[in-house]
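Below is final-v6.txt, holding compact mmCIF, C-alpha atoms.
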```txt
# COMPACT_ATOMS: atom_id res chain seq x y z
CA GLY A 283 1.96 -15.25 -11.28
CA HIS A 284 0.11 -18.42 -10.34
CA ARG A 285 -1.88 -17.52 -7.25
CA GLN A 286 -4.51 -20.24 -7.59
CA GLY A 287 -5.81 -22.77 -10.07
CA ALA A 288 -9.31 -21.38 -10.62
CA LEU A 289 -9.35 -18.72 -13.33
CA ILE A 290 -12.52 -17.09 -12.01
CA GLY A 291 -10.83 -16.87 -8.62
CA ASP A 292 -7.95 -14.92 -10.16
CA PHE A 293 -10.38 -12.54 -11.89
CA THR A 294 -12.34 -12.08 -8.65
CA TYR A 295 -9.14 -11.29 -6.78
CA ARG A 296 -8.28 -8.56 -9.26
CA MET A 297 -11.79 -7.07 -9.26
CA VAL A 298 -11.88 -6.90 -5.47
CA LEU A 299 -8.50 -5.14 -5.34
CA LYS A 300 -9.69 -2.66 -7.96
CA GLU A 301 -12.91 -1.89 -6.09
CA VAL A 302 -11.16 -1.48 -2.72
CA ALA A 303 -8.53 0.80 -4.28
CA GLY A 304 -11.29 2.87 -5.90
CA TRP A 305 -13.12 3.24 -2.60
CA TYR A 306 -10.02 4.73 -0.93
CA ARG A 307 -9.20 6.89 -3.99
CA ASN A 308 -6.05 4.94 -4.84
CA MET A 309 -4.75 3.88 -8.22
CA ALA A 310 -4.95 0.20 -9.12
CA VAL A 311 -2.87 -1.26 -11.95
CA SER A 312 -2.91 -4.89 -13.07
CA SER A 313 0.03 -5.99 -15.17
CA ALA A 314 -1.50 -9.48 -15.32
CA GLN A 315 -4.50 -8.09 -17.17
CA VAL A 316 -2.17 -6.62 -19.79
CA VAL A 317 -0.50 -9.93 -20.61
CA ASP A 318 -3.53 -12.23 -20.30
CA ASP A 319 -3.75 -12.71 -24.04
CA TYR A 320 -0.15 -13.93 -24.08
CA ILE A 321 -0.43 -16.31 -21.11
CA TYR A 322 -3.65 -18.28 -21.45
CA PRO A 323 -3.28 -19.48 -25.05
CA ASP A 324 0.05 -21.09 -24.10
CA THR A 325 -0.14 -21.70 -20.34
CA LEU A 326 1.68 -25.02 -20.12
CA GLY A 327 4.88 -24.00 -21.86
CA GLU A 328 4.85 -20.25 -21.15
CA THR A 329 7.60 -19.14 -18.73
CA ALA A 330 8.24 -15.52 -19.71
CA PHE A 331 5.33 -13.94 -17.84
CA SER A 332 4.47 -16.87 -15.56
CA PRO A 333 6.51 -18.87 -13.02
CA LYS A 334 8.16 -22.04 -14.24
CA TRP A 335 6.06 -25.18 -13.91
CA ARG A 336 7.52 -28.04 -11.92
CA ILE A 337 10.08 -29.94 -13.96
CA LYS A 338 9.18 -33.41 -15.17
CA GLY A 339 12.30 -34.72 -16.71
CA ARG A 340 15.51 -32.80 -17.15
CA GLY A 341 15.27 -29.51 -19.04
CA ALA A 342 11.49 -29.65 -19.56
CA PHE A 343 9.15 -27.07 -18.03
CA ARG A 344 6.00 -29.14 -18.27
CA GLY A 345 3.84 -31.37 -16.17
CA GLN A 346 2.85 -30.33 -12.66
CA TYR A 347 1.19 -27.02 -11.95
CA THR A 348 2.73 -24.97 -9.14
CA GLU A 349 1.34 -22.02 -7.22
CA ASP A 350 4.03 -19.35 -7.28
CA VAL A 351 3.83 -15.59 -7.79
CA HIS A 352 7.44 -15.25 -8.97
CA PHE A 353 7.83 -14.80 -12.70
CA GLY A 354 10.82 -14.23 -14.96
CA TYR A 355 12.48 -11.02 -16.13
CA ALA A 356 9.93 -10.52 -18.92
CA GLY A 357 7.15 -10.38 -16.34
CA HIS A 358 9.03 -7.77 -14.33
CA LEU A 359 9.56 -5.66 -17.46
CA ALA A 360 5.87 -5.97 -18.35
CA ALA A 361 4.89 -4.83 -14.85
CA LEU A 362 7.30 -1.89 -15.04
CA TRP A 363 6.06 -0.68 -18.41
CA THR A 364 2.45 -1.12 -17.27
CA TRP A 365 3.10 1.13 -14.28
CA ILE A 366 4.87 3.73 -16.42
CA TYR A 367 2.03 3.85 -18.94
CA SER A 368 -0.61 3.94 -16.19
CA SER A 369 1.18 6.75 -14.33
CA LEU A 370 1.35 8.89 -17.48
CA LYS A 371 -2.30 8.13 -18.22
CA VAL A 372 -3.31 9.20 -14.70
CA ALA A 373 -1.33 12.45 -15.05
CA VAL A 374 -3.02 13.26 -18.35
CA GLN A 375 -6.45 12.38 -16.94
CA PHE A 376 -5.81 14.57 -13.88
CA CYS A 377 -4.94 17.56 -16.06
CA ASN A 378 -8.04 16.97 -18.20
CA ASP A 379 -10.23 16.78 -15.09
CA LYS A 380 -8.78 20.02 -13.72
CA ASP A 381 -9.35 21.75 -17.04
CA TRP A 382 -12.96 20.51 -17.13
CA GLU A 383 -13.47 21.62 -13.51
CA GLU A 384 -12.27 25.15 -14.24
CA HIS A 385 -14.48 25.25 -17.31
CA GLN A 386 -17.51 24.25 -15.20
CA LYS A 387 -16.70 26.93 -12.61
CA VAL A 388 -16.68 29.60 -15.30
CA LYS A 389 -20.02 28.37 -16.64
CA ALA A 390 -21.49 28.29 -13.10
CA ARG A 391 -20.36 31.87 -12.38
CA GLN A 392 -21.88 33.07 -15.63
CA HIS A 393 -25.13 31.25 -14.83
CA TYR A 394 -25.45 32.64 -11.33
CA ASN A 395 -24.51 36.15 -12.40
CA ASP A 396 -27.06 36.16 -15.20
CA ASP A 397 -29.84 34.22 -13.51
CA ASN A 398 -29.45 34.81 -9.79
CA PRO A 399 -27.14 37.52 -8.43
CA SER A 400 -27.27 36.02 -4.94
CA ALA A 401 -25.36 32.99 -6.24
CA ARG A 402 -27.38 30.25 -4.58
CA LYS A 403 -25.37 27.27 -3.44
CA SER A 404 -26.32 23.92 -4.84
CA HIS A 405 -26.78 21.15 -2.27
CA ILE A 406 -25.83 18.52 -4.82
CA ARG A 407 -22.62 20.32 -5.76
CA ASP A 408 -21.64 20.59 -2.09
CA ASN A 409 -22.19 16.88 -1.54
CA VAL A 410 -20.18 15.97 -4.63
CA HIS A 411 -17.37 18.22 -3.42
CA MET A 412 -17.42 16.44 -0.06
CA LEU A 413 -17.30 13.01 -1.64
CA ARG A 414 -14.31 14.02 -3.76
CA ASP A 415 -12.16 15.67 -1.10
CA VAL A 416 -12.88 13.64 2.05
CA LYS A 417 -11.22 10.32 2.72
CA PRO A 418 -13.98 7.67 2.82
CA PRO A 419 -14.84 5.82 6.03
CA PRO A 420 -13.24 2.39 6.61
CA LEU A 421 -14.69 -0.25 4.33
CA ASP A 422 -15.52 -3.06 6.75
CA TYR A 423 -18.45 -5.34 7.58
CA GLU A 424 -20.01 -2.72 9.85
CA LEU A 425 -20.49 -0.26 6.98
CA ASP A 426 -23.79 -0.72 5.17
CA LEU A 427 -26.29 1.24 3.11
CA GLN A 428 -28.10 2.51 6.20
CA ASN A 429 -25.11 4.09 7.96
CA VAL A 430 -22.70 4.93 5.14
CA THR A 431 -23.92 8.55 4.79
CA ASP A 432 -23.61 9.28 8.50
CA ALA A 433 -20.22 7.53 8.62
CA TRP A 434 -18.99 9.68 5.73
CA LYS A 435 -20.10 12.89 7.45
CA GLU A 436 -18.47 11.80 10.72
CA GLU A 437 -15.26 11.07 8.83
CA LYS A 438 -15.37 14.54 7.28
CA ILE A 439 -15.68 16.17 10.73
CA ARG A 440 -12.92 13.98 12.16
CA GLN A 441 -10.51 14.82 9.34
CA GLU A 442 -11.20 18.55 9.63
CA GLU A 443 -10.49 18.46 13.38
CA HIS A 444 -7.34 16.42 12.79
CA CYS A 445 -6.02 18.87 10.19
CA GLN A 446 -6.47 21.73 12.64
CA THR A 447 -4.50 20.00 15.41
CA ILE A 448 -1.76 18.40 13.32
CA SER A 449 1.77 19.43 14.24
CA SER A 450 4.87 19.99 12.14
CA SER A 451 6.76 17.13 13.82
CA PRO A 452 7.39 13.88 11.92
CA PRO A 453 4.27 11.68 11.87
CA CYS A 454 6.14 8.50 12.81
CA ILE A 455 8.46 7.93 15.76
CA MET A 456 10.30 5.29 13.73
CA ALA A 457 10.46 4.65 9.98
CA TRP A 458 13.21 3.85 7.52
CA VAL A 459 13.74 2.70 3.96
CA ALA A 460 16.60 0.25 3.57
CA GLY A 461 18.36 -0.15 0.24
CA PRO A 462 20.35 1.80 -2.34
CA GLU A 463 17.72 4.54 -2.65
CA GLY A 464 16.98 4.89 1.07
CA ARG A 465 18.75 6.90 3.73
CA THR A 466 19.99 3.70 5.36
CA SER A 467 21.84 2.52 2.28
CA THR A 468 24.44 0.35 4.05
CA LYS A 469 24.53 -2.13 6.91
CA THR A 470 26.55 0.31 9.01
CA LYS A 471 24.03 3.14 8.54
CA LEU A 472 21.12 0.83 9.33
CA GLY A 473 22.78 -0.37 12.51
CA PHE A 474 23.55 3.23 13.53
CA TYR A 475 19.92 4.22 13.01
CA LEU A 476 18.55 1.29 15.03
CA ARG A 477 21.15 1.31 17.80
CA HIS A 478 19.00 3.10 20.40
CA MET A 479 15.70 1.31 19.76
CA MET A 480 16.51 -2.27 18.73
CA LYS A 481 17.94 -4.99 20.93
CA ILE A 482 18.76 -8.36 19.38
CA GLU A 483 18.23 -11.12 21.92
CA LYS A 484 18.71 -14.18 19.75
CA GLY A 485 19.13 -15.21 16.14
CA TRP A 486 18.94 -11.87 14.27
CA LYS A 487 21.66 -10.04 12.39
CA LEU A 488 22.12 -7.13 10.02
CA GLU A 489 22.70 -8.32 6.49
CA ASN A 490 23.46 -6.68 3.16
CA ASP A 491 22.87 -9.27 0.43
CA LEU A 492 24.76 -8.32 -2.74
CA SER A 493 23.95 -11.51 -4.63
CA THR A 494 21.57 -9.61 -6.92
CA GLY A 495 24.01 -6.78 -7.62
CA TRP A 496 23.52 -3.16 -6.60
CA ALA A 497 19.79 -3.80 -6.13
CA ARG A 498 20.89 -5.31 -2.86
CA LYS A 499 18.71 -6.64 -0.07
CA LEU A 500 19.47 -4.80 3.16
CA GLY A 501 17.79 -5.45 6.47
CA VAL A 502 17.62 -7.37 9.72
CA VAL A 503 17.53 -11.11 9.01
CA ALA A 504 16.74 -14.11 11.22
CA PHE A 505 19.25 -16.93 10.77
CA GLU A 506 18.02 -19.50 13.31
CA PRO A 507 14.68 -20.77 14.71
CA ASP A 508 12.96 -18.86 17.52
CA ALA A 509 14.88 -15.69 16.69
CA THR A 510 13.90 -12.84 19.00
CA MET A 511 14.48 -9.10 19.00
CA ARG A 512 12.99 -6.22 20.93
CA PHE A 513 12.19 -2.62 20.02
CA HIS A 514 11.90 -0.02 22.74
CA PHE A 515 10.62 3.50 22.19
CA GLY A 516 11.19 5.87 25.06
CA LYS A 517 10.43 9.55 25.50
CA VAL A 518 7.45 9.52 23.15
CA SER A 519 6.38 13.18 23.01
CA GLU A 520 3.05 12.66 21.17
CA PRO A 521 0.26 10.09 21.56
CA LEU A 522 1.06 6.88 19.70
CA GLN A 523 -2.21 5.60 18.24
CA ILE A 524 -1.28 3.41 15.28
CA LEU A 525 1.27 0.64 14.79
CA THR A 526 1.69 -0.38 11.17
CA ILE A 527 3.45 -3.64 10.31
CA HIS A 528 4.20 -4.27 6.65
CA SER A 529 4.60 -7.98 5.96
CA LEU A 530 5.99 -9.67 2.87
CA LYS A 531 5.37 -13.31 2.06
CA SER A 532 8.37 -15.21 0.77
CA TYR A 533 8.32 -18.41 -1.23
CA GLY A 534 12.00 -19.21 -0.73
CA GLU A 535 13.12 -22.42 0.94
CA ALA A 536 14.67 -20.53 3.86
CA TRP A 537 11.32 -18.95 4.76
CA GLU A 538 8.94 -21.79 3.95
CA GLY A 539 6.55 -22.43 6.83
CA SER A 540 7.96 -19.58 8.91
CA LYS A 541 5.80 -17.57 11.32
CA VAL A 542 6.23 -14.36 13.29
CA ARG A 543 4.76 -13.43 16.66
CA VAL A 544 4.51 -9.78 17.72
CA THR A 545 3.97 -8.85 21.38
CA ILE A 546 3.28 -5.22 22.33
CA ASN A 547 3.78 -3.91 25.86
CA LYS A 548 2.88 -0.40 26.99
CA ARG A 549 4.43 1.15 30.05
CA ILE A 550 2.94 4.32 31.48
CA GLN A 551 5.15 6.33 33.80
CA GLN A 552 3.15 8.02 36.52
CA GLN A 553 4.48 11.28 37.83
CA GLN A 554 4.35 11.66 41.57
CA GLN A 555 2.89 14.92 42.72
CA GLN A 556 3.75 16.44 46.09
```
The structure in this file should be written as structure tokens.
Amino acid sequence: GHRQGALIGDFTYRMVLKEVAGWYRNMAVSSAQVVDDYIYPDTLGETAFSPKWRIKGRGAFRGQYTEDVHFGYAGHLAALWTWIYSSLKVAVQFCNDKDWEEHQKVKARQHYNDDNPSARKSHIRDNVHMLRDVKPPPLDYELDLQNVTDAWKEEKIRQEEHCQTISSSPPCIMAWVAGPEGRTSTKTKLGFYLRHMMKIEKGWKLENDLSTGWARKLGVVAFEPDATMRFHFGKVSEPLQILTIHSLKSYGEAWEGSKVRVTINKRIQQQQQQ
């Protein structure tokens, strides 16, 4: 959709996302890149893959440019088919890489057996193996060319220690997926799941919006200003080190200009010893 007016800014945004995803070994797919040839030659009147431009005169989608990421059904279909194609391509590439890797192992065994029975280890091969299997260090402003190697080795040691101490208990003390495909598929089930941890103080309610059909929008919704709710997690059996908050920006009139404030309090219960 229309994120900004500058075209080079849109390209830069995509390139940065691709590089960051590659650093963390994640897949990056751009549906916008697929449909570029269809959008830019006809930007002013195009509404299939791009959001509608502000109306100037009744029934005419022309005139004022608007920044909006929401596009029509054709854009959603294009994004879906792009993801399907990309997922199949990744699966095929993964199988090809595994086949090539096994082929290289066979060649290496033959080489070492014929040339050197002691099967010397290659330092380069070990480093490449480490780079492939270890999650990279955090990509922030403190990481530079002088400390990246040490940071990567420290990350390798930290991950190995973590894997040895990891337990079989669920990794999160609270997590849920709301909607038709999630475990909390109805408003009643969502309320039952949250009953012991969530306390609504003002302006929040459980809502199951069926206006879009069975792809309904289920969740906890604020319906008045200064809405407040509290989550309390008691009897935490394992150290809680990370709090992840997933945020979603809305361009609807009901959410325009809205803000959220999160306050975290930690209470440590001290056991009295006789």
Inset, instruction - Work out how far CA of Val372 (chain A) is from CA of Gly304 (chain A), in Å to one decimal. - result: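 These atoms are spaced 13.5 Å apart.
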Inset, instruction - Provide the CA of Val430 (chain A) to CA of Thr526 (chain A) distance in Å, to one decimal place. - result: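 Straight-line distance from CA of Val430 (chain A) to CA of Thr526 (chain A) works out to 25.7 Å.
The shell of residues at most 12 Å from Trp434 (chain A), with only C-alpha atoms counted and near chain neighbours (fewer than 2 positions) removed, consists of A:Asn409, A:Met412, A:Leu413, A:Arg414, A:Asp415, A:Val416, A:Lys417, A:Pro418, A:Pro419, A:Pro420, A:Leu421, A:Leu425, A:Asp426, A:Leu427, A:Gln428, A:Asn429, A:Val430, A:Thr431, A:Asp432, A:Glu436, A:Glu437, A:Lys438, A:Ile439, A:Arg440, A:Gln441.
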Inset, instruction - Would you kindly identify which residues have an atom no farther than 10 Å from (20.0, -10.2, 14.2), using all atoms listed in the file and the file's own coordinates, and write them out as a list of chain:residue names? - result: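 Within 10 Å of (20.0, -10.2, 14.2), the protein and nucleic acid residues are A:Met480, A:Lys481, A:Ile482, A:Glu483, A:Lys484, A:Gly485, A:Trp486, A:Lys487, A:Leu488, A:Glu489, A:Gly501, A:Val502, A:Val503, A:Ala504, A:Phe505, A:Glu506, A:Ala509, A:Thr510, A:Met511.
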Inset, instruction - Provide the CA of Trp365 (chain A) to CA of Met309 (chain A) distance in Å, to one decimal place. - result: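 Going from CA of Trp365 (chain A) over to CA of Met309 (chain A), I get 10.3 Å.
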Legend entry - Counting all atoms listed in the file, the option among A:Ser519, A:Gln315, A:Asn378, A:Ser493 closest to Thr364 (chain A):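 When distances to Thr364 (chain A) are compared using all atoms listed in the file, the smallest one comes from A:Gln315.
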Inset, instruction - Write out as a list in words the residues lying within 8 Å of Asp491 (chain A), counting all atoms listed in the file and excluding same-chain residues fewer than 4 positions away. - result: Arg498, Lys499 and Leu500 of chain A
Inset, instruction - Within 10 Å of Met456 (chain A), counting only C-alpha atoms, which residues show up once you throw out same-chain ones fewer than 4 positions away? Write them as a list of chain:residue names, please. - result: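 Skipping anything fewer than 4 positions along the chain leaves A:Pro452, A:Tyr475, A:Leu476, A:Met479, A:Phe515.
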Can those selected residues be exported to a file as a JSON list (two decimals), in the coordinates of the input so that it contains C-alpha atoms?
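Once everything was written out, this is result-v2.json:
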```
[["chain", "number", "residue", "atom", "x", "y", "z"],
["A", 452, "PRO", "CA", 7.39, 13.88, 11.92],
["A", 475, "TYR", "CA", 19.92, 4.22, 13.01],
["A", 476, "LEU", "CA", 18.55, 1.29, 15.03],
["A", 479, "MET", "CA", 15.70, 1.31, 19.76],
["A", 515, "PHE", "CA", 10.62, 3.50, 22.19]]
```
Need to verify the contact set: region 295-301 of chain A, 12 Å, only C-alpha atoms, exclusion of same-chain residues closer than 6 positions in sequence. Can you return it as a CSV table (one decimal) with C-alpha atoms, in the frame of the given file?
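For reference, around-v1.csv as written:
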```csv
chain,number,residue,atom,x,y,z
A,285,ARG,CA,-1.9,-17.5,-7.2
A,286,GLN,CA,-4.5,-20.2,-7.6
A,288,ALA,CA,-9.3,-21.4,-10.6
A,289,LEU,CA,-9.4,-18.7,-13.3
A,307,ARG,CA,-9.2,6.9,-4.0
A,308,ASN,CA,-6.0,4.9,-4.8
A,309,MET,CA,-4.8,3.9,-8.2
A,310,ALA,CA,-5.0,0.2,-9.1
A,311,VAL,CA,-2.9,-1.3,-12.0
A,312,SER,CA,-2.9,-4.9,-13.1
A,313,SER,CA,0.0,-6.0,-15.2
A,314,ALA,CA,-1.5,-9.5,-15.3
A,315,GLN,CA,-4.5,-8.1,-17.2
A,421,LEU,CA,-14.7,-0.2,4.3
```
Legend entry - Counting all atoms listed in the file, the residue of A:Ala457, A:Pro507, A:Gln386, A:Phe376 that sits nearest Ala536 (chain A):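 So, comparing all the options, the nearest one is A:Pro507.
For the choices A:Pro333, A:Arg512, A:His528, A:Tyr367, the atom-to-atom distance to Asp350 (chain A) is smallest for A:Pro333 when using all atoms listed in the file.
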